[in-house]
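my_file00.cif (mmCIF, C-alpha atoms) appears below.
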```cif
data_entry
loop_
_atom_site.label_atom_id
_atom_site.label_comp_id
_atom_site.auth_asym_id
_atom_site.auth_seq_id
_atom_site.Cartn_x
_atom_site.Cartn_y
_atom_site.Cartn_z
CA MET A 11 0.00 0.00 0.00
CA ALA A 12 2.88 2.32 -0.64
CA ASP A 13 1.38 4.13 -3.60
CA GLY A 14 -0.74 7.26 -3.13
CA ASN A 15 -3.83 5.80 -4.81
CA ALA A 16 -3.94 2.83 -2.41
CA GLN A 17 -3.39 5.20 0.50
CA GLN A 18 -6.27 7.42 -0.63
CA LYS A 19 -8.54 4.39 -1.00
CA LEU A 20 -7.62 3.22 2.50
CA GLN A 21 -8.23 6.67 3.99
CA SER A 22 -11.58 6.88 2.22
CA TYR A 23 -12.54 3.40 3.42
CA LEU A 24 -11.63 4.17 7.03
CA ALA A 25 -13.42 7.53 7.02
CA ALA A 26 -16.61 6.13 5.47
CA GLN A 27 -16.78 2.89 7.44
CA SER A 28 -16.01 4.50 10.81
CA VAL A 29 -19.09 6.69 10.30
CA LYS A 30 -21.33 4.10 8.67
CA LEU A 31 -20.70 1.08 10.92
CA LEU A 32 -21.85 0.75 14.49
CA ALA A 33 -19.35 -0.34 17.13
CA ALA A 34 -21.07 -3.73 17.28
CA GLU A 35 -20.60 -4.21 13.53
CA ILE A 36 -16.95 -3.22 13.74
CA ARG A 37 -16.51 -5.59 16.66
CA ALA A 38 -18.01 -8.45 14.63
CA ARG A 39 -15.69 -7.70 11.70
CA LEU A 40 -12.67 -7.46 13.98
CA ASP A 41 -13.58 -10.74 15.70
CA GLU A 42 -14.01 -12.42 12.30
CA ALA A 43 -10.57 -11.23 11.19
CA ALA A 44 -9.02 -12.40 14.47
CA THR A 45 -10.64 -15.80 13.99
CA GLU A 46 -9.07 -15.94 10.51
CA LEU A 47 -5.62 -15.35 11.99
CA PHE A 48 -6.14 -17.90 14.76
CA ALA A 49 -7.32 -20.46 12.18
CA SER A 50 -4.11 -19.92 10.21
CA LEU A 51 -2.15 -20.93 13.34
CA GLU A 52 -3.95 -24.23 13.90
CA GLY A 53 -1.63 -27.21 13.82
CA VAL A 54 1.55 -25.15 13.45
CA GLY A 55 4.48 -26.86 15.16
CA GLU A 56 7.20 -25.04 17.05
CA ALA A 57 9.84 -25.61 14.38
CA ALA A 58 7.61 -24.15 11.67
CA ALA A 59 6.50 -21.31 13.96
CA HIS A 60 10.06 -20.18 14.62
CA THR A 61 11.49 -20.62 11.12
CA ARG A 62 11.89 -17.57 8.95
CA PRO A 63 10.84 -18.22 5.36
CA ALA A 64 13.69 -16.09 4.01
CA GLU A 65 16.34 -13.67 5.19
CA GLY A 66 14.72 -10.49 6.48
CA GLU A 67 11.22 -12.01 6.69
CA TRP A 68 9.39 -12.80 9.91
CA SER A 69 8.61 -16.21 11.29
CA VAL A 70 5.05 -17.08 12.27
CA ALA A 71 5.98 -16.49 15.94
CA GLU A 72 7.34 -13.05 15.07
CA VAL A 73 4.15 -12.22 13.17
CA VAL A 74 1.96 -13.24 16.13
CA ASP A 75 4.09 -11.23 18.55
CA HIS A 76 3.96 -8.20 16.26
CA VAL A 77 0.16 -8.47 15.90
CA THR A 78 -0.20 -8.65 19.70
CA LEU A 79 2.07 -5.69 20.35
CA THR A 80 0.22 -3.63 17.74
CA LEU A 81 -3.17 -4.72 19.08
CA ASP A 82 -2.22 -3.73 22.63
CA GLU A 83 -0.94 -0.32 21.56
CA VAL A 84 -3.88 0.48 19.30
CA ALA A 85 -6.40 -0.81 21.87
CA SER A 86 -4.96 1.73 24.31
CA ILE A 87 -5.45 4.48 21.73
CA ILE A 88 -9.03 3.28 21.09
CA ARG A 89 -9.84 3.37 24.81
CA THR A 90 -8.30 6.82 25.16
CA LEU A 91 -10.22 8.27 22.22
CA ALA A 92 -13.52 6.64 23.25
CA GLY A 93 -12.94 8.24 26.65
CA GLY A 94 -12.84 11.65 25.01
CA VAL A 95 -9.09 12.26 25.34
CA ARG A 96 -6.46 12.62 22.65
CA PRO A 97 -3.69 10.01 22.95
CA SER A 98 -0.32 11.33 24.11
CA ARG A 99 1.40 9.94 21.01
CA PRO A 100 0.46 8.54 17.62
CA MET A 101 0.29 4.88 16.77
CA THR A 102 3.66 3.23 16.21
CA VAL A 103 3.85 1.68 12.78
CA ALA A 104 5.75 -1.59 12.31
CA LEU A 105 6.32 -2.58 15.91
CA ALA A 106 9.18 -5.06 15.97
CA PRO A 107 8.61 -8.41 17.68
CA ARG A 108 10.03 -8.65 21.21
CA ASN A 109 8.71 -11.95 22.60
CA ALA A 110 8.91 -14.18 19.53
CA GLY A 111 11.24 -16.68 21.18
CA ARG A 112 8.39 -17.88 23.37
CA PRO A 113 6.32 -20.96 22.43
CA LEU A 114 3.69 -20.27 19.80
CA ALA A 115 0.93 -21.45 22.15
CA ASP A 116 1.95 -18.78 24.67
CA LEU A 117 2.08 -16.09 21.99
CA ALA A 118 -1.33 -17.10 20.63
CA ALA A 119 -2.84 -17.19 24.14
CA ARG A 120 -1.58 -13.67 24.81
CA LEU A 121 -3.05 -12.49 21.52
CA ARG A 122 -6.40 -14.14 22.38
CA ARG A 123 -6.49 -12.37 25.76
CA SER A 124 -5.77 -9.02 24.16
CA GLN A 125 -8.35 -9.60 21.43
CA THR A 126 -10.99 -10.69 23.95
CA ALA A 127 -10.38 -7.57 26.05
CA LEU A 128 -10.74 -5.29 23.03
CA SER A 129 -13.82 -7.16 21.80
CA GLU A 130 -15.45 -6.74 25.21
CA PHE A 131 -14.56 -3.05 25.23
CA LEU A 132 -16.10 -2.56 21.79
CA ALA A 133 -19.23 -4.40 22.93
CA ALA A 134 -19.62 -1.84 25.72
CA GLN A 135 -19.48 1.13 23.30
CA SER A 136 -23.11 1.02 22.16
CA SER A 137 -23.50 4.74 22.82
CA GLU A 138 -20.72 5.46 20.29
CA PRO A 139 -18.89 7.98 22.53
CA HIS A 140 -16.64 10.70 21.13
CA THR A 141 -16.65 9.55 17.51
CA ASP A 142 -16.08 13.18 16.54
CA LEU A 143 -12.65 13.11 18.21
CA ARG A 144 -10.18 12.29 15.47
CA VAL A 145 -6.43 12.02 15.41
CA PRO A 146 -4.37 13.00 12.36
CA ASP A 147 -2.15 10.24 11.05
CA ASP A 148 0.35 10.71 8.22
CA TYR A 149 -0.68 7.49 6.51
CA PHE A 150 -4.26 6.72 7.61
CA GLY A 151 -5.66 10.26 7.62
CA GLU A 152 -7.98 11.60 10.33
CA ILE A 153 -9.00 8.63 12.48
CA ASN A 154 -11.47 8.17 15.31
CA TRP A 155 -11.52 5.19 17.67
CA LYS A 156 -13.75 3.20 15.33
CA GLY A 157 -11.29 3.80 12.49
CA TYR A 158 -8.48 2.43 14.62
CA ALA A 159 -10.52 -0.72 15.24
CA LEU A 160 -10.97 -1.07 11.49
CA ILE A 161 -7.21 -0.71 11.02
CA LEU A 162 -6.76 -3.63 13.42
CA ARG A 163 -9.20 -5.67 11.33
CA LEU A 164 -7.12 -5.04 8.21
CA HIS A 165 -3.97 -5.77 10.19
CA TYR A 166 -5.29 -9.19 11.21
CA LYS A 167 -6.28 -10.01 7.64
CA ASP A 168 -2.91 -8.96 6.22
CA HIS A 169 -1.03 -11.02 8.77
CA ALA A 170 -3.28 -14.07 8.44
CA GLN A 171 -2.33 -14.04 4.76
CA GLN A 172 1.34 -13.62 5.70
CA VAL A 173 1.16 -16.61 8.08
CA ARG A 174 -0.40 -18.79 5.37
CA LYS A 175 2.28 -17.72 2.90
CA THR A 176 5.06 -18.34 5.42
CA LEU A 177 3.73 -21.80 6.27
CA SER A 178 3.36 -22.65 2.60
CA SER A 179 6.99 -21.65 2.05
CA SER A 180 8.07 -23.75 5.04
CA GLU A 181 6.16 -26.79 3.76
CA LYS A 182 7.90 -26.53 0.40
CA GLU A 183 11.24 -26.55 2.18
CA GLY A 184 10.26 -29.47 4.42
CA VAL A 185 10.22 -27.68 7.78
#
```

Could you rewrite the structure in this file as structure tokens?
Amino acid sequence: MADGNAQQKLQSYLAAQSVKLLAAEIRARLDEAATELFASLEGVGEAAAHTRPAEGEWSVAEVVDHVTLTLDEVASIIRTLAGGVRPSRPMTVALAPRNAGRPLADLAARLRRSQTALSEFLAAQSSEPHTDLRVPDDYFGEINWKGYALILRLHYKDHAQQVRKTLSSSEKEGV
């Protein structure tokens, strides 16, 4: 999504959907995307989880750790914005994995806990508080808390695809 046209489409999507969709609908879409990522992890052994498909690419464990770190950071921003306060700093893009050496089951369990907490928070936002409070972002445009949740949905989907591709590459190499 490096080109300007893709960026404009993404900004337009986030702006329109964060107004159009209710928090419950966004929650359902986010949960569905999380389920897609978790499904991509089913049956993955430790060797495959910790093997990088190529130099400079992330292993499945690194992807899961990155998704969790991003989810935790963005969930904090979502809570802050829904509470009517601007976050003290913008979202960090491309958080590097820090815990990827842990067993995949531990990484996935941590991600599930974080996802469950955010899903429960979104379920409690039926009054749609402070959706007018938006934060400027150099890449994503002006985003409210619902837009951030939609970014997480796209993040899950992108990384579920990455996990499938990584595992396919590992299978071809016999890992």

> Within 12 Å of A:Asp148, counting all atoms listed in the file, which residues qualify if same-chain residues fewer than 2 places away don't, as a list of chain:residue names?
Replying inline: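 Counting only the stated atoms, we get A:Gly14, A:Gln17, A:Gln18, A:Gln21, A:Pro100, A:Met101, A:Thr102, A:Val103, A:Val145, A:Pro146, A:Phe150, A:Gly151, A:Glu152, A:Ile153.
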
Spatial sel., origin (-11.2, 10.5, 24.5), limit 10 Å, all atoms listed in the file, listed as a compact mmCIF listing (two decimals) with C-alpha atoms, in the frame of the given file:
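Below is the file that was written, selection.txt:
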```
# COMPACT_ATOMS: atom_id res chain seq x y z
CA ILE A 87 -5.45 4.48 21.73
CA ILE A 88 -9.03 3.28 21.09
CA ARG A 89 -9.84 3.37 24.81
CA THR A 90 -8.30 6.82 25.16
CA LEU A 91 -10.22 8.27 22.22
CA ALA A 92 -13.52 6.64 23.25
CA GLY A 93 -12.94 8.24 26.65
CA GLY A 94 -12.84 11.65 25.01
CA VAL A 95 -9.09 12.26 25.34
CA ARG A 96 -6.46 12.62 22.65
CA PRO A 97 -3.69 10.01 22.95
CA PRO A 139 -18.89 7.98 22.53
CA HIS A 140 -16.64 10.70 21.13
CA THR A 141 -16.65 9.55 17.51
CA ASP A 142 -16.08 13.18 16.54
CA LEU A 143 -12.65 13.11 18.21
CA ARG A 144 -10.18 12.29 15.47
CA ASN A 154 -11.47 8.17 15.31
CA TRP A 155 -11.52 5.19 17.67
```

> Hey, can you check how far atom CA of A:Gly157 sits from atom CA of A:Ala85?
Replying inline: 11.5 Å

> Residues at most 12 Å from A:Glu67, counting all atoms listed in the file, excluding those fewer than 6 positions away in the same chain, as a PyMOL selection string?
Replying inline: chain A and resi 60-61+73+106-107+172-173+175-176+179

>> Taking the file as I've supplied it (selection: the PyMOL selection byres ((chain A and resi 171) around 12)), which residues are included? Please answer as a PyMOL selection string.
In response: chain A and resi 43-44+46-51+70+73+164-170+172-178

> Can you list, as a ChimeraX atom specification, the residues that the PyMOL selection byres ((chain A and resi 115) around 12) selects here?
Replying inline: /A:48,51-56,59-60,70-71,74-75,110-114,116-122

> At what distance in Å, to one decimal, does atom CA of A:Ala34 lie from atom CA of A:Ala133?
Replying inline: 6.0 Å

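Our summary of the geometry notes that atom CA of A:Lys19 is positioned 19.5 Å from atom CA of A:Leu40.
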
>> To test your reading of the syntax: which residues would the PyMOL selection byres ((chain A and resi 131) around 10) return for the file shown? Reply as a count of residues only.
In response: 17

What are the centre and the three edge lengths of an axis-aligned box that wraps all atoms of stretch 25-35 of chain A in the file, given that 3 Å is added to every side, written as AutoDock Vina command-line options and rounded to one decimal in Å?
```
--center_x -17.6 --center_y 1.7 --center_z 11.4 --size_x 14.4 --size_y 17.7 --size_z 17.8
```

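Here the question is which of A:Ser69, A:Glu138, A:Asp41, A:Asp13 gets nearest to A:Ala57 using only C-alpha atoms, and that residue is A:Ser69.
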
Would you fill out stretch 50-64 of chain A with N, CA, C and O atoms and return it as an mmCIF file, in the frame of the given file?
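Written out: out-v2.cif:
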```
data_model
loop_
_atom_site.group_PDB
_atom_site.id
_atom_site.type_symbol
_atom_site.label_atom_id
_atom_site.label_comp_id
_atom_site.auth_asym_id
_atom_site.auth_seq_id
_atom_site.Cartn_x
_atom_site.Cartn_y
_atom_site.Cartn_z
ATOM 1 N N SER A 50 -5.345 -19.713 10.965
ATOM 2 C CA SER A 50 -4.110 -19.920 10.210
ATOM 3 C C SER A 50 -3.001 -20.516 11.084
ATOM 4 O O SER A 50 -2.047 -21.092 10.564
ATOM 5 N N LEU A 51 -3.158 -20.409 12.408
ATOM 6 C CA LEU A 51 -2.150 -20.930 13.340
ATOM 7 C C LEU A 51 -2.406 -22.369 13.761
ATOM 8 O O LEU A 51 -1.525 -23.007 14.359
ATOM 9 N N GLU A 52 -3.587 -22.886 13.464
ATOM 10 C CA GLU A 52 -3.950 -24.230 13.900
ATOM 11 C C GLU A 52 -2.990 -25.273 13.346
ATOM 12 O O GLU A 52 -2.707 -25.289 12.152
ATOM 13 N N GLY A 53 -2.498 -26.113 14.227
ATOM 14 C CA GLY A 53 -1.630 -27.210 13.820
ATOM 15 C C GLY A 53 -0.203 -26.829 13.510
ATOM 16 O O GLY A 53 0.580 -27.673 13.057
ATOM 17 N N VAL A 54 0.182 -25.587 13.746
ATOM 18 C CA VAL A 54 1.550 -25.150 13.450
ATOM 19 C C VAL A 54 2.472 -25.638 14.565
ATOM 20 O O VAL A 54 2.250 -25.363 15.740
ATOM 21 N N GLY A 55 3.494 -26.378 14.196
ATOM 22 C CA GLY A 55 4.480 -26.860 15.160
ATOM 23 C C GLY A 55 5.487 -25.783 15.514
ATOM 24 O O GLY A 55 5.618 -24.773 14.809
ATOM 25 N N GLU A 56 6.219 -26.038 16.578
ATOM 26 C CA GLU A 56 7.200 -25.040 17.050
ATOM 27 C C GLU A 56 8.297 -24.781 16.026
ATOM 28 O O GLU A 56 8.692 -23.634 15.828
ATOM 29 N N ALA A 57 8.775 -25.823 15.366
ATOM 30 C CA ALA A 57 9.840 -25.610 14.380
ATOM 31 C C ALA A 57 9.351 -24.699 13.256
ATOM 32 O O ALA A 57 10.032 -23.737 12.883
ATOM 33 N N ALA A 58 8.167 -24.977 12.744
ATOM 34 C CA ALA A 58 7.610 -24.150 11.670
ATOM 35 C C ALA A 58 7.321 -22.737 12.167
ATOM 36 O O ALA A 58 7.534 -21.767 11.439
ATOM 37 N N ALA A 59 6.854 -22.617 13.400
ATOM 38 C CA ALA A 59 6.500 -21.310 13.960
ATOM 39 C C ALA A 59 7.708 -20.398 14.112
ATOM 40 O O ALA A 59 7.580 -19.176 14.036
ATOM 41 N N HIS A 60 8.861 -20.986 14.331
ATOM 42 C CA HIS A 60 10.060 -20.180 14.620
ATOM 43 C C HIS A 60 11.056 -20.154 13.464
ATOM 44 O O HIS A 60 12.180 -19.685 13.627
ATOM 45 N N THR A 61 10.626 -20.620 12.298
ATOM 46 C CA THR A 61 11.490 -20.620 11.120
ATOM 47 C C THR A 61 11.125 -19.453 10.211
ATOM 48 O O THR A 61 9.968 -19.306 9.832
ATOM 49 N N ARG A 62 12.106 -18.661 9.894
ATOM 50 C CA ARG A 62 11.890 -17.570 8.950
ATOM 51 C C ARG A 62 11.873 -18.126 7.529
ATOM 52 O O ARG A 62 12.738 -18.931 7.176
ATOM 53 N N PRO A 63 10.925 -17.681 6.720
ATOM 54 C CA PRO A 63 10.840 -18.220 5.360
ATOM 55 C C PRO A 63 11.994 -17.756 4.464
ATOM 56 O O PRO A 63 12.341 -18.440 3.507
ATOM 57 N N ALA A 64 12.572 -16.620 4.787
ATOM 58 C CA ALA A 64 13.690 -16.090 4.010
ATOM 59 C C ALA A 64 14.391 -15.022 4.860
ATOM 60 O O ALA A 64 13.818 -14.512 5.826
#
```
